[in-house]
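Student: Structure file target_19.cif (mmCIF, C-alpha atoms and all ligand atoms) is given on the next line.
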```
data_coords
loop_
_atom_site.label_atom_id
_atom_site.label_comp_id
_atom_site.auth_asym_id
_atom_site.auth_seq_id
_atom_site.Cartn_x
_atom_site.Cartn_y
_atom_site.Cartn_z
CA MET A 22 98.25 104.18 72.14
CA ILE A 23 97.78 103.92 75.93
CA LEU A 24 95.70 106.20 78.14
CA ILE A 25 96.33 106.43 81.89
CA GLY A 26 93.32 108.26 83.30
CA ASN A 27 90.56 108.64 85.84
CA GLY A 28 92.88 110.25 88.38
CA THR A 29 94.33 113.60 89.40
CA VAL A 30 97.16 114.40 87.00
CA ILE A 31 100.09 116.25 88.57
CA THR A 32 102.25 117.38 85.66
CA ARG A 33 105.04 119.16 87.62
CA ASP A 34 104.85 121.82 84.93
CA VAL A 35 104.29 125.38 86.11
CA GLY A 36 102.05 126.25 83.16
CA LYS A 37 99.34 123.73 84.00
CA PRO A 38 100.29 121.76 87.11
CA PHE A 39 97.03 119.98 87.76
CA PHE A 40 94.14 118.21 85.98
CA ARG A 41 91.27 116.96 88.09
CA ASP A 42 89.75 113.88 86.40
CA GLY A 43 92.83 113.93 84.21
CA CYS A 44 94.48 111.57 81.76
CA VAL A 45 97.85 111.07 80.05
CA ALA A 46 97.89 109.85 76.43
CA ILE A 47 100.96 107.83 75.45
CA ASP A 48 101.97 107.24 71.85
CA GLY A 49 104.84 104.75 71.71
CA LYS A 50 107.61 106.02 73.98
CA ILE A 51 106.37 109.60 74.14
CA ILE A 52 103.58 111.51 75.89
CA ALA A 53 101.14 112.63 73.20
CA GLY A 54 98.75 114.64 75.35
CA VAL A 55 97.59 115.49 78.86
CA GLY A 56 94.07 116.60 79.68
CA ASN A 57 90.59 115.63 80.76
CA SER A 58 89.90 111.86 80.94
CA GLY A 59 86.59 112.00 79.05
CA GLU A 60 87.94 114.21 76.26
CA LEU A 61 91.09 112.13 75.70
CA ARG A 62 89.10 108.88 75.70
CA GLU A 63 86.79 110.36 73.10
CA LEU A 64 89.76 111.53 71.03
CA HIS A 65 91.62 108.20 71.21
CA LYS A 66 88.86 105.63 70.89
CA GLY A 67 90.19 102.08 70.96
CA ALA A 68 93.31 103.01 72.96
CA ARG A 69 94.21 100.77 75.90
CA PHE A 70 92.91 102.43 79.07
CA ILE A 71 94.65 102.08 82.43
CA ASP A 72 92.38 103.17 85.26
CA ALA A 73 94.07 105.18 88.03
CA HIS A 74 90.96 104.60 90.21
CA GLY A 75 90.91 108.20 91.42
CA GLY A 76 94.59 108.21 92.49
CA LEU A 77 97.43 110.53 91.51
CA ILE A 78 98.98 110.30 88.03
CA MET A 79 102.51 111.68 88.18
CA PRO A 80 105.79 111.72 86.25
CA GLY A 81 108.01 108.71 86.98
CA PHE A 82 110.53 109.61 89.66
CA ILE A 83 114.23 110.16 88.95
CA ASN A 84 116.91 108.99 91.37
CA ALA A 85 119.98 111.15 90.73
CA HIS A 86 122.46 109.07 92.78
CA MET A 87 122.21 105.35 93.40
CA HIS A 88 124.45 102.33 94.06
CA TYR A 89 122.85 99.12 92.79
CA TYR A 90 125.88 97.17 93.99
CA SER A 91 124.81 97.77 97.59
CA ALA A 92 121.76 95.50 97.22
CA PHE A 93 123.28 92.48 98.96
CA SER A 94 124.16 94.50 102.07
CA ARG A 95 120.63 94.14 103.37
CA GLY A 96 120.80 92.06 106.57
CA LEU A 97 124.58 91.61 106.25
CA SER A 98 126.67 91.74 109.42
CA VAL A 99 130.38 92.23 108.74
CA GLY A 100 131.51 91.36 112.28
CA GLY A 101 134.63 92.78 113.93
CA ALA A 102 134.83 96.10 115.76
CA PRO A 103 132.03 98.54 114.84
CA ALA A 104 133.01 101.44 112.57
CA GLN A 105 133.79 104.63 114.47
CA ASN A 106 133.69 107.02 111.51
CA PHE A 107 132.77 107.24 107.82
CA ASN A 108 136.15 106.02 106.54
CA GLU A 109 135.77 102.91 108.66
CA VAL A 110 132.25 102.37 107.26
CA LEU A 111 133.80 102.38 103.78
CA GLU A 112 136.67 100.07 104.75
CA ARG A 113 134.68 97.61 106.84
CA LEU A 114 131.52 97.34 104.78
CA TRP A 115 131.40 98.84 101.30
CA TRP A 116 134.95 98.09 100.14
CA LYS A 117 134.58 94.49 101.28
CA LEU A 118 131.17 94.02 99.70
CA ASP A 119 132.03 95.51 96.31
CA LYS A 120 135.19 93.37 96.11
CA ALA A 121 133.15 90.20 96.66
CA LEU A 122 130.88 90.78 93.64
CA SER A 123 131.15 88.77 90.42
CA LEU A 124 129.54 89.91 87.16
CA GLU A 125 126.58 87.65 87.92
CA ASP A 126 126.20 89.26 91.37
CA VAL A 127 126.35 92.70 89.74
CA TYR A 128 123.48 91.68 87.47
CA TYR A 129 121.27 90.34 90.27
CA SER A 130 122.05 93.33 92.53
CA ALA A 131 120.84 95.58 89.72
CA VAL A 132 117.77 93.41 89.07
CA VAL A 133 116.52 93.49 92.67
CA CYS A 134 117.09 97.24 92.92
CA MET A 135 115.26 97.86 89.65
CA ILE A 136 112.30 95.79 90.86
CA ASP A 137 112.23 98.10 93.87
CA CYS A 138 112.48 101.14 91.56
CA ILE A 139 109.43 100.00 89.59
CA LYS A 140 107.46 99.40 92.81
CA ASN A 141 108.34 102.93 93.96
CA GLY A 142 107.55 104.59 90.64
CA VAL A 143 111.21 105.34 89.82
CA THR A 144 111.73 105.21 86.06
CA THR A 145 115.16 106.86 85.68
CA VAL A 146 118.28 106.15 87.74
CA ILE A 147 121.78 107.59 87.70
CA ASP A 148 123.87 104.80 89.18
CA HIS A 149 127.45 104.78 90.44
CA HIS A 150 128.93 101.30 90.26
CA ALA A 151 131.88 99.47 91.85
CA SER A 152 132.91 95.79 91.61
CA PRO A 153 136.75 95.75 91.69
CA SER A 154 137.00 91.96 91.20
CA ALA A 155 134.75 92.14 88.12
CA VAL A 156 135.23 95.50 86.41
CA GLY A 157 135.22 94.67 82.67
CA GLY A 158 131.66 94.21 81.42
CA SER A 159 130.03 95.19 84.73
CA LEU A 160 128.16 98.20 83.32
CA PHE A 161 127.00 96.05 80.41
CA ARG A 162 125.48 93.52 82.85
CA ILE A 163 123.60 96.35 84.58
CA ALA A 164 122.46 97.57 81.16
CA GLU A 165 121.18 94.06 80.41
CA ALA A 166 119.05 94.21 83.58
CA ALA A 167 117.87 97.68 82.53
CA SER A 168 116.61 96.51 79.15
CA GLU A 169 114.92 93.44 80.64
CA LEU A 170 113.17 95.41 83.37
CA GLY A 171 112.64 98.62 81.38
CA VAL A 172 114.16 101.18 83.80
CA ARG A 173 116.19 104.02 82.21
CA ASN A 174 119.76 104.15 83.46
CA CYS A 175 122.73 106.48 83.28
CA LEU A 176 125.69 104.31 84.33
CA CYS A 177 129.32 104.82 85.32
CA TYR A 178 132.11 102.85 86.97
CA GLU A 179 133.81 104.44 90.00
CA VAL A 180 137.51 104.75 89.22
CA SER A 181 139.69 104.68 92.33
CA ASP A 182 143.28 103.93 93.36
CA ARG A 183 142.21 101.84 96.32
CA ASP A 184 142.49 98.48 94.53
CA GLY A 185 145.74 99.10 92.67
CA ARG A 186 146.77 100.25 89.24
CA GLN A 187 145.25 97.45 87.16
CA VAL A 188 141.74 97.87 88.62
CA MET A 189 142.04 101.65 88.20
CA GLU A 190 142.92 101.23 84.51
CA ASP A 191 140.17 98.65 84.03
CA GLY A 192 137.74 101.17 85.53
CA ILE A 193 138.75 103.86 83.03
CA ARG A 194 138.29 101.39 80.16
CA GLU A 195 134.89 100.25 81.41
CA ASN A 196 133.66 103.87 81.58
CA ILE A 197 134.88 104.64 78.07
CA ASP A 198 133.55 101.40 76.58
CA PHE A 199 130.15 102.00 78.12
CA ILE A 200 129.97 105.71 77.22
CA LYS A 201 130.63 104.74 73.57
CA HIS A 202 128.08 101.93 73.73
CA ALA A 203 125.38 104.13 75.28
CA ALA A 204 126.00 106.87 72.68
CA ARG A 205 125.17 104.37 69.93
CA ASP A 206 122.19 102.86 71.79
CA GLU A 207 118.82 103.58 70.21
CA SER A 208 116.61 102.19 72.98
CA GLY A 209 116.51 105.46 74.94
CA LEU A 210 117.12 103.42 78.09
CA LEU A 211 120.86 103.94 78.40
CA ALA A 212 123.28 106.79 78.95
CA GLY A 213 126.84 106.87 80.22
CA THR A 214 128.95 109.23 82.29
CA PHE A 215 132.45 108.85 83.77
CA GLY A 216 132.55 107.60 87.38
CA LEU A 217 135.13 108.59 89.97
CA HIS A 218 135.10 107.49 93.60
CA ALA A 219 136.27 110.52 95.62
CA SER A 220 139.25 112.86 95.84
CA MET A 221 140.79 110.91 98.74
CA THR A 222 141.25 107.74 96.62
CA LEU A 223 142.31 109.48 93.37
CA SER A 224 145.92 110.54 92.81
CA ASN A 225 146.89 113.34 90.44
CA ASP A 226 148.21 110.77 87.98
CA THR A 227 144.88 108.95 87.99
CA LEU A 228 142.85 112.14 87.51
CA GLU A 229 145.10 113.06 84.62
CA ALA A 230 144.64 109.60 83.07
CA CYS A 231 140.85 109.92 83.43
CA ALA A 232 140.81 113.40 81.87
CA ASN A 233 142.96 112.16 78.96
CA ALA A 234 140.81 109.07 78.43
CA THR A 235 137.54 110.99 78.24
CA GLY A 236 138.94 113.30 75.55
CA ASP A 237 136.12 114.54 73.35
CA PHE A 238 133.32 112.43 74.79
CA ALA A 239 132.07 115.27 77.01
CA ALA A 240 130.13 112.75 79.06
CA GLY A 241 130.87 114.56 82.32
CA TYR A 242 131.95 113.01 85.61
CA HIS A 243 129.96 111.60 88.53
CA VAL A 244 132.01 111.85 91.72
CA HIS A 245 131.54 111.93 95.51
CA VAL A 246 132.71 115.26 96.96
CA ALA A 247 133.41 116.11 100.61
CA GLU A 248 131.10 113.44 101.97
CA GLY A 249 133.14 113.13 105.16
CA PRO A 250 135.45 115.83 106.57
CA SER A 251 138.44 113.55 105.90
CA ASP A 252 138.02 114.00 102.12
CA GLU A 253 138.76 117.76 102.37
CA GLU A 254 141.55 117.19 104.93
CA ASP A 255 143.20 114.66 102.60
CA SER A 256 143.03 117.05 99.64
CA LEU A 257 144.48 119.98 101.59
CA LYS A 258 147.27 117.85 103.06
CA LYS A 259 148.33 116.07 99.87
CA TYR A 260 147.67 118.74 97.23
CA GLY A 261 147.47 122.04 99.14
CA LYS A 262 144.00 122.85 97.77
CA ARG A 263 140.39 122.02 98.43
CA ILE A 264 138.57 119.30 96.46
CA MET A 265 136.57 121.42 94.03
CA ALA A 266 139.64 123.53 93.16
CA ARG A 267 141.54 120.31 92.52
CA PHE A 268 138.76 118.87 90.36
CA ARG A 269 138.38 122.12 88.41
CA ASP A 270 142.10 122.08 87.65
CA PHE A 271 141.73 118.60 86.12
CA GLY A 272 138.62 119.54 84.11
CA ILE A 273 136.39 117.27 86.20
CA THR A 274 133.82 120.06 86.67
CA GLY A 275 131.32 121.23 84.03
CA PRO A 276 127.69 121.27 82.94
CA ARG A 277 127.55 117.47 82.56
CA SER A 278 129.37 116.72 85.81
CA THR A 279 127.80 115.88 89.14
CA ALA A 280 129.39 116.41 92.55
CA VAL A 281 127.60 114.14 95.01
CA HIS A 282 127.05 115.17 98.68
CA CYS A 283 129.17 118.39 98.93
CA ILE A 284 128.70 118.44 102.70
CA HIS A 285 131.96 120.12 103.70
CA VAL A 286 132.46 122.46 100.73
CA ASN A 287 133.30 126.09 101.53
CA ASP A 288 132.30 129.36 99.80
CA GLU A 289 135.09 129.16 97.23
CA GLU A 290 134.04 125.63 96.26
CA MET A 291 130.40 126.67 95.95
CA GLU A 292 131.54 129.40 93.57
CA ILE A 293 133.38 126.79 91.49
CA LEU A 294 130.24 124.63 91.36
CA GLN A 295 128.24 127.67 90.29
CA ASP A 296 130.73 129.00 87.73
CA THR A 297 131.26 125.64 86.06
CA GLY A 298 127.60 124.58 86.00
CA THR A 299 128.42 121.42 87.94
CA ALA A 300 125.35 119.79 89.50
CA VAL A 301 125.18 118.62 93.13
CA VAL A 302 123.18 115.65 94.40
CA HIS A 303 121.96 115.48 98.00
CA ASN A 304 121.39 112.13 99.76
CA PRO A 305 119.87 112.97 103.14
CA GLU A 306 119.16 109.52 104.56
CA SER A 307 122.68 108.30 103.74
CA ASN A 308 124.30 111.41 105.20
CA MET A 309 122.35 111.02 108.45
CA GLY A 310 123.08 107.28 108.64
CA ASN A 311 126.81 107.80 108.10
CA ALA A 312 126.84 110.75 110.53
CA VAL A 313 128.89 112.82 108.08
CA GLY A 314 127.11 116.17 108.47
CA VAL A 315 124.49 118.28 106.69
CA SER A 316 124.89 119.47 103.11
CA PRO A 317 124.33 123.25 102.73
CA ILE A 318 121.63 122.68 100.11
CA ILE A 319 119.66 125.85 100.85
CA ASP A 320 122.78 127.93 100.22
CA LEU A 321 123.67 125.89 97.12
CA CYS A 322 120.14 126.35 95.72
CA ALA A 323 120.19 130.09 96.49
CA ARG A 324 123.36 130.38 94.38
CA GLY A 325 121.50 128.88 91.42
CA ILE A 326 123.39 125.58 91.49
CA THR A 327 121.37 122.65 90.12
CA VAL A 328 120.93 120.53 93.26
CA GLY A 329 119.22 117.17 92.75
CA LEU A 330 118.03 114.45 95.09
CA GLY A 331 119.33 110.89 95.36
CA THR A 332 119.26 107.95 97.74
CA ASP A 333 122.88 106.71 97.67
CA GLY A 334 121.62 103.11 97.61
CA TYR A 335 119.66 103.38 100.87
CA VAL A 336 116.21 103.11 99.27
CA SER A 337 114.44 103.59 95.95
CA ASP A 338 111.60 105.65 97.39
CA MET A 339 112.14 109.26 96.31
CA LEU A 340 109.25 110.47 98.46
CA GLN A 341 111.07 109.03 101.47
CA SER A 342 114.22 110.88 100.41
CA TRP A 343 112.15 114.10 100.28
CA LYS A 344 110.79 113.48 103.80
CA PHE A 345 114.32 112.94 105.16
CA ALA A 346 115.70 116.01 103.36
CA ASN A 347 112.84 118.14 104.68
CA ALA A 348 113.20 117.10 108.32
CA LEU A 349 117.02 117.19 108.19
CA GLN A 350 117.19 120.85 107.06
CA LYS A 351 114.61 122.01 109.59
CA HIS A 352 116.34 120.09 112.39
CA ALA A 353 119.85 121.22 111.46
CA GLN A 354 118.93 124.87 111.00
CA LYS A 355 116.69 124.83 114.09
CA HIS A 356 114.02 126.52 111.99
CA PRO A 357 110.58 125.01 111.26
CA ASN A 358 110.06 127.07 108.12
CA VAL A 359 113.05 126.30 105.92
CA ALA A 360 113.28 123.98 102.90
CA TRP A 361 109.59 123.91 101.92
CA SER A 362 110.23 124.82 98.30
CA GLU A 363 113.85 123.78 97.68
CA ILE A 364 113.42 120.03 98.13
CA PRO A 365 110.44 119.51 95.78
CA THR A 366 112.33 121.72 93.29
CA MET A 367 115.32 119.42 93.66
CA LEU A 368 113.26 116.23 93.33
CA PHE A 369 111.17 117.27 90.34
CA ASP A 370 112.71 120.21 88.44
CA ASN A 371 116.39 119.66 89.11
CA ASN A 372 116.41 115.87 88.81
CA SER A 373 114.65 116.37 85.48
CA LYS A 374 117.37 118.86 84.43
CA ILE A 375 120.14 116.49 85.54
CA ALA A 376 118.59 113.56 83.63
CA GLY A 377 118.30 115.89 80.63
CA ARG A 378 122.08 116.29 80.63
CA TYR A 379 122.43 112.60 79.73
CA PHE A 380 119.25 111.41 78.01
CA ARG A 381 118.08 112.74 74.65
CA THR A 382 114.35 112.63 75.48
CA PRO A 383 113.31 114.83 78.42
CA THR A 384 111.69 113.20 81.45
CA GLY A 385 110.25 114.29 84.79
CA ARG A 386 107.19 116.19 83.59
CA LEU A 387 103.87 115.09 82.13
CA LEU A 388 104.01 117.17 78.97
CA PRO A 389 103.61 116.34 75.28
CA GLY A 390 106.99 115.38 73.83
CA TYR A 391 108.36 114.13 77.14
CA SER A 392 109.34 110.50 77.64
CA ALA A 393 106.26 108.50 78.66
CA ASP A 394 107.53 107.87 82.19
CA VAL A 395 104.40 107.81 84.33
CA THR A 396 103.48 106.51 87.77
CA VAL A 397 100.13 106.14 89.55
CA LEU A 398 99.79 106.47 93.31
CA ASP A 399 96.86 105.16 95.32
CA TYR A 400 96.29 108.37 97.26
CA ARG A 401 92.86 109.64 98.36
CA PRO A 402 93.25 113.07 99.92
CA PRO A 403 91.61 113.45 103.36
CA THR A 404 91.53 117.24 102.82
CA GLU A 405 91.10 119.29 99.68
CA LEU A 406 93.86 118.80 97.11
CA THR A 407 94.46 121.88 94.97
CA GLU A 408 97.10 123.30 92.63
CA ALA A 409 98.46 125.28 95.54
CA ASN A 410 98.92 122.49 98.09
CA ILE A 411 100.16 119.52 95.99
CA ASN A 412 103.53 119.47 97.75
CA GLY A 413 101.96 119.33 101.21
CA HIS A 414 99.88 116.31 100.22
CA LEU A 415 102.86 114.51 98.67
CA LEU A 416 105.25 115.27 101.54
CA PHE A 417 102.94 114.30 104.38
CA GLY A 418 100.57 111.83 102.76
CA ALA A 419 102.25 109.90 99.96
CA SER A 420 105.02 107.32 99.84
CA GLY A 421 106.57 104.99 97.31
CA ARG A 422 104.52 102.13 98.73
CA ALA A 423 101.39 103.83 97.36
CA VAL A 424 102.57 103.30 93.77
CA THR A 425 100.28 100.94 91.88
CA THR A 426 101.30 101.45 88.25
CA THR A 427 104.59 102.40 86.60
CA ALA A 428 105.35 102.97 82.92
CA ALA A 429 108.74 103.91 81.45
CA GLN A 430 109.06 105.00 77.83
CA GLY A 431 105.48 103.86 77.35
CA ARG A 432 106.20 100.30 78.46
CA VAL A 433 103.94 99.36 81.36
CA LEU A 434 106.32 97.83 83.91
CA MET A 435 103.74 97.39 86.67
CA GLU A 436 99.94 97.66 86.48
CA ASN A 437 97.82 97.56 89.63
CA ARG A 438 100.87 96.21 91.48
CA VAL A 439 101.41 93.33 89.04
CA MET A 440 104.69 93.06 87.10
CA SER A 441 103.67 90.70 84.32
CA ASP A 442 106.94 90.90 82.29
CA ILE A 443 109.08 89.31 85.02
CA ASP A 444 108.97 86.44 87.49
CA GLU A 445 109.70 88.43 90.65
CA ASP A 446 109.75 85.44 93.02
CA ALA A 447 112.26 83.55 90.88
CA LEU A 448 114.53 86.59 90.53
CA LEU A 449 114.49 87.28 94.29
CA ALA A 450 115.19 83.61 95.05
CA LYS A 451 118.19 83.73 92.72
CA ALA A 452 119.40 86.96 94.38
CA ARG A 453 119.16 85.35 97.85
CA GLU A 454 121.14 82.37 96.61
CA ARG A 455 123.89 84.58 95.16
CA SER A 456 123.97 86.92 98.15
CA LYS A 457 124.76 83.98 100.47
CA LYS A 458 127.95 83.32 98.51
CA VAL A 459 128.84 87.02 98.55
CA TRP A 460 128.33 87.16 102.32
CA GLU A 461 130.69 84.19 102.76
CA LYS A 462 133.39 86.10 100.85
CA VAL A 463 132.80 89.30 102.85
ZN ZN B 501 127.33 107.38 96.74
#
```
Can I see the file as structure tokens?

Tutor:
Amino acid sequence: MILIGNGTVITRDVGKPFFRDGCVAIDGKIIAGVGNSGELRELHKGARFIDAHGGLIMPGFINAHMHYYSAFSRGLSVGGAPAQNFNEVLERLWWKLDKALSLEDVYYSAVVCMIDCIKNGVTTVIDHHASPSAVGGSLFRIAEAASELGVRNCLCYEVSDRDGRQVMEDGIRENIDFIKHAARDESGLLAGTFGLHASMTLSNDTLEACANATGDFAAGYHVHVAEGPSDEEDSLKKYGKRIMARFRDFGITGPRSTAVHCIHVNDEEMEILQDTGTAVVHNPESNMGNAVGVSPIIDLCARGITVGLGTDGYVSDMLQSWKFANALQKHAQKHPNVAWSEIPTMLFDNNSKIAGRYFRTPTGRLLPGYSADVTVLDYRPPTELTEANINGHLLFGASGRAVTTTAAQGRVLMENRVMSDIDEDALLAKARERSKKVWEKV
């Protein structure tokens, strides 16, 4: 039994959102109780006590769209003419980097990102992976990193035609092998879904092969949709229909599928998302950096679509993603009063719902029966913190760098900024060594 107490507990549950001088009681992998610090300490005498030192005790964050394979891009200069549009960003950076990765590089890319997740209080990640020169076994290497570091992961391999038929077929096999493996896994750390790159690199034959391969697994699909305008143009030109209509016709949509970005979708496509229960994940910092446009998230939310929040590999700080999403909507709509409620709903409620589509134990709230995924932030409010203004404090005052303690499934991954299970310096040194070789290949 572990108690994390002496802080302000923010449960993200509407029933009881807030406990001043609160505490979370953890029994094994599950939250056993949430309440007053003194009362829970009295009730569970002898339990290990982790002191939040008056900070915020919150659910571990969920990142609904991530690319671990992008880790070695930090500081990389690809040379040549600078990219003029999003397709050139893909061709000149990402499709060169992913091709240069070996299975060992995939592992270390995942390790360094998961270290960053733990430091930012992220305990659950839905990752979208590509390593065309090392497809077979790649998700299993990421899963190995996940069990060593203790971060929960839903994994998939992005099937695409861009590297030829063999790599495409290997990608299908890797998805299926991992989905089967994750379904048998008892650790609670792993889940699998079926990864697809984007409409513009997937032929009809390939989509058909993917739909046939998934058969009865019902693991859903995780696919980029209308990130740049060229994705919709390509679909209309080659297939005479828009992306979501195309995906619906192949059975790619559904209540376990996620359409990432959805920047250039039209009304008809939003209806398809809504009717099929397909989730959407918004990645504001990535969209701004790639200059691809603004996702109509307010409209998507108003239609009742489950819109979650991700980082697309840019960062692992979900509070930073919230700040970007907030400013982006206000700026784009030229209105200072939009998006106050939608984005925290996306980050907490909807990311929790999306994770719940893949993992058996619910996460994202501090409630009895939920997975013991807890994070502590060193945050001392300069003004009164109440039930009613939690979001204002988090948006304007907190960041991932304030995280001091992170626990996932009851395993304490970092306590007072110390990760005692791993040798961080040695792992980072190894990553730097490997990344040099990857850069040479790029
Ligand atoms: Zn992405």

Student: Could you tell me which of A:Val172, A:Ile78, A:Ile284, A:Leu211 comes closest to Lys140 of chain A if we count all atoms listed in the file?

Tutor: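 Ranking A:Val172, A:Ile78, A:Ile284, A:Leu211 by distance to Lys140 of chain A, first place goes to A:Val172.
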
Student: The residues within 10 Å of (98.0, 119.8, 86.9), using all atoms listed in the file and the coordinates of the file, should be reported as a short mmCIF file (atom, residue, chain, number, x, y, z; two decimals) with C-alpha atoms, in the frame of the given file; which are they?

Tutor:
```cif
data_model
loop_
_atom_site.label_atom_id
_atom_site.label_comp_id
_atom_site.auth_asym_id
_atom_site.auth_seq_id
_atom_site.Cartn_x
_atom_site.Cartn_y
_atom_site.Cartn_z
CA THR A 29 94.33 113.60 89.40
CA VAL A 30 97.16 114.40 87.00
CA ILE A 31 100.09 116.25 88.57
CA THR A 32 102.25 117.38 85.66
CA ARG A 33 105.04 119.16 87.62
CA ASP A 34 104.85 121.82 84.93
CA VAL A 35 104.29 125.38 86.11
CA GLY A 36 102.05 126.25 83.16
CA LYS A 37 99.34 123.73 84.00
CA PRO A 38 100.29 121.76 87.11
CA PHE A 39 97.03 119.98 87.76
CA PHE A 40 94.14 118.21 85.98
CA ARG A 41 91.27 116.96 88.09
CA GLY A 43 92.83 113.93 84.21
CA VAL A 55 97.59 115.49 78.86
CA GLY A 56 94.07 116.60 79.68
CA ILE A 78 98.98 110.30 88.03
CA MET A 79 102.51 111.68 88.18
CA LEU A 387 103.87 115.09 82.13
CA THR A 407 94.46 121.88 94.97
CA GLU A 408 97.10 123.30 92.63
CA ILE A 411 100.16 119.52 95.99
#
```

Student: Quick one: pull the distance between atom CA of Asp148 of chain A and atom CA of Trp115 of chain A, Å, one decimal.

Tutor: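 Atom-to-atom, atom CA of Asp148 of chain A to atom CA of Trp115 of chain A, that is 15.5 Å.
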
Student: Around ligand ZN 501 (chain B), out to 10 Å and counting all atoms listed in the file, which residues are there? I want them as a PyMOL selection string.

Tutor: chain A and resi 86-88+91+148-150+179+218-219+243-246+248+281-282+302-304+307-308+331-335

Student: If you measure from atom CA of Lys201 of chain A to atom CA of Asn233 of chain A, what distance in Å do you get, rounded to one decimal?

Tutor: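 If I compute the distance from atom CA of Lys201 of chain A to atom CA of Asn233 of chain A, I get 15.4 Å.
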
Student: Hey, what's within 10 Å of segment 277-280 of chain A if we count all atoms listed in the file and toss same-chain stuff fewer than 2 positions away? As a compact mmCIF listing (two decimals) with C-alpha atoms, in the frame of the given file, please?

Tutor:
```txt
# COMPACT_ATOMS: atom_id res chain seq x y z
CA ALA A 85 119.98 111.15 90.73
CA HIS A 86 122.46 109.07 92.78
CA THR A 214 128.95 109.23 82.29
CA PHE A 215 132.45 108.85 83.77
CA GLY A 216 132.55 107.60 87.38
CA ALA A 219 136.27 110.52 95.62
CA ALA A 239 132.07 115.27 77.01
CA ALA A 240 130.13 112.75 79.06
CA GLY A 241 130.87 114.56 82.32
CA TYR A 242 131.95 113.01 85.61
CA HIS A 243 129.96 111.60 88.53
CA VAL A 244 132.01 111.85 91.72
CA HIS A 245 131.54 111.93 95.51
CA VAL A 246 132.71 115.26 96.96
CA ALA A 247 133.41 116.11 100.61
CA MET A 265 136.57 121.42 94.03
CA PHE A 268 138.76 118.87 90.36
CA GLY A 272 138.62 119.54 84.11
CA ILE A 273 136.39 117.27 86.20
CA THR A 274 133.82 120.06 86.67
CA GLY A 275 131.32 121.23 84.03
CA HIS A 282 127.05 115.17 98.68
CA CYS A 283 129.17 118.39 98.93
CA LEU A 294 130.24 124.63 91.36
CA THR A 297 131.26 125.64 86.06
CA GLY A 298 127.60 124.58 86.00
CA THR A 299 128.42 121.42 87.94
CA ALA A 300 125.35 119.79 89.50
CA VAL A 301 125.18 118.62 93.13
CA VAL A 302 123.18 115.65 94.40
CA HIS A 303 121.96 115.48 98.00
CA THR A 327 121.37 122.65 90.12
CA VAL A 328 120.93 120.53 93.26
CA GLY A 329 119.22 117.17 92.75
CA ILE A 375 120.14 116.49 85.54
CA ALA A 376 118.59 113.56 83.63
CA GLY A 377 118.30 115.89 80.63
CA ARG A 378 122.08 116.29 80.63
CA TYR A 379 122.43 112.60 79.73
```
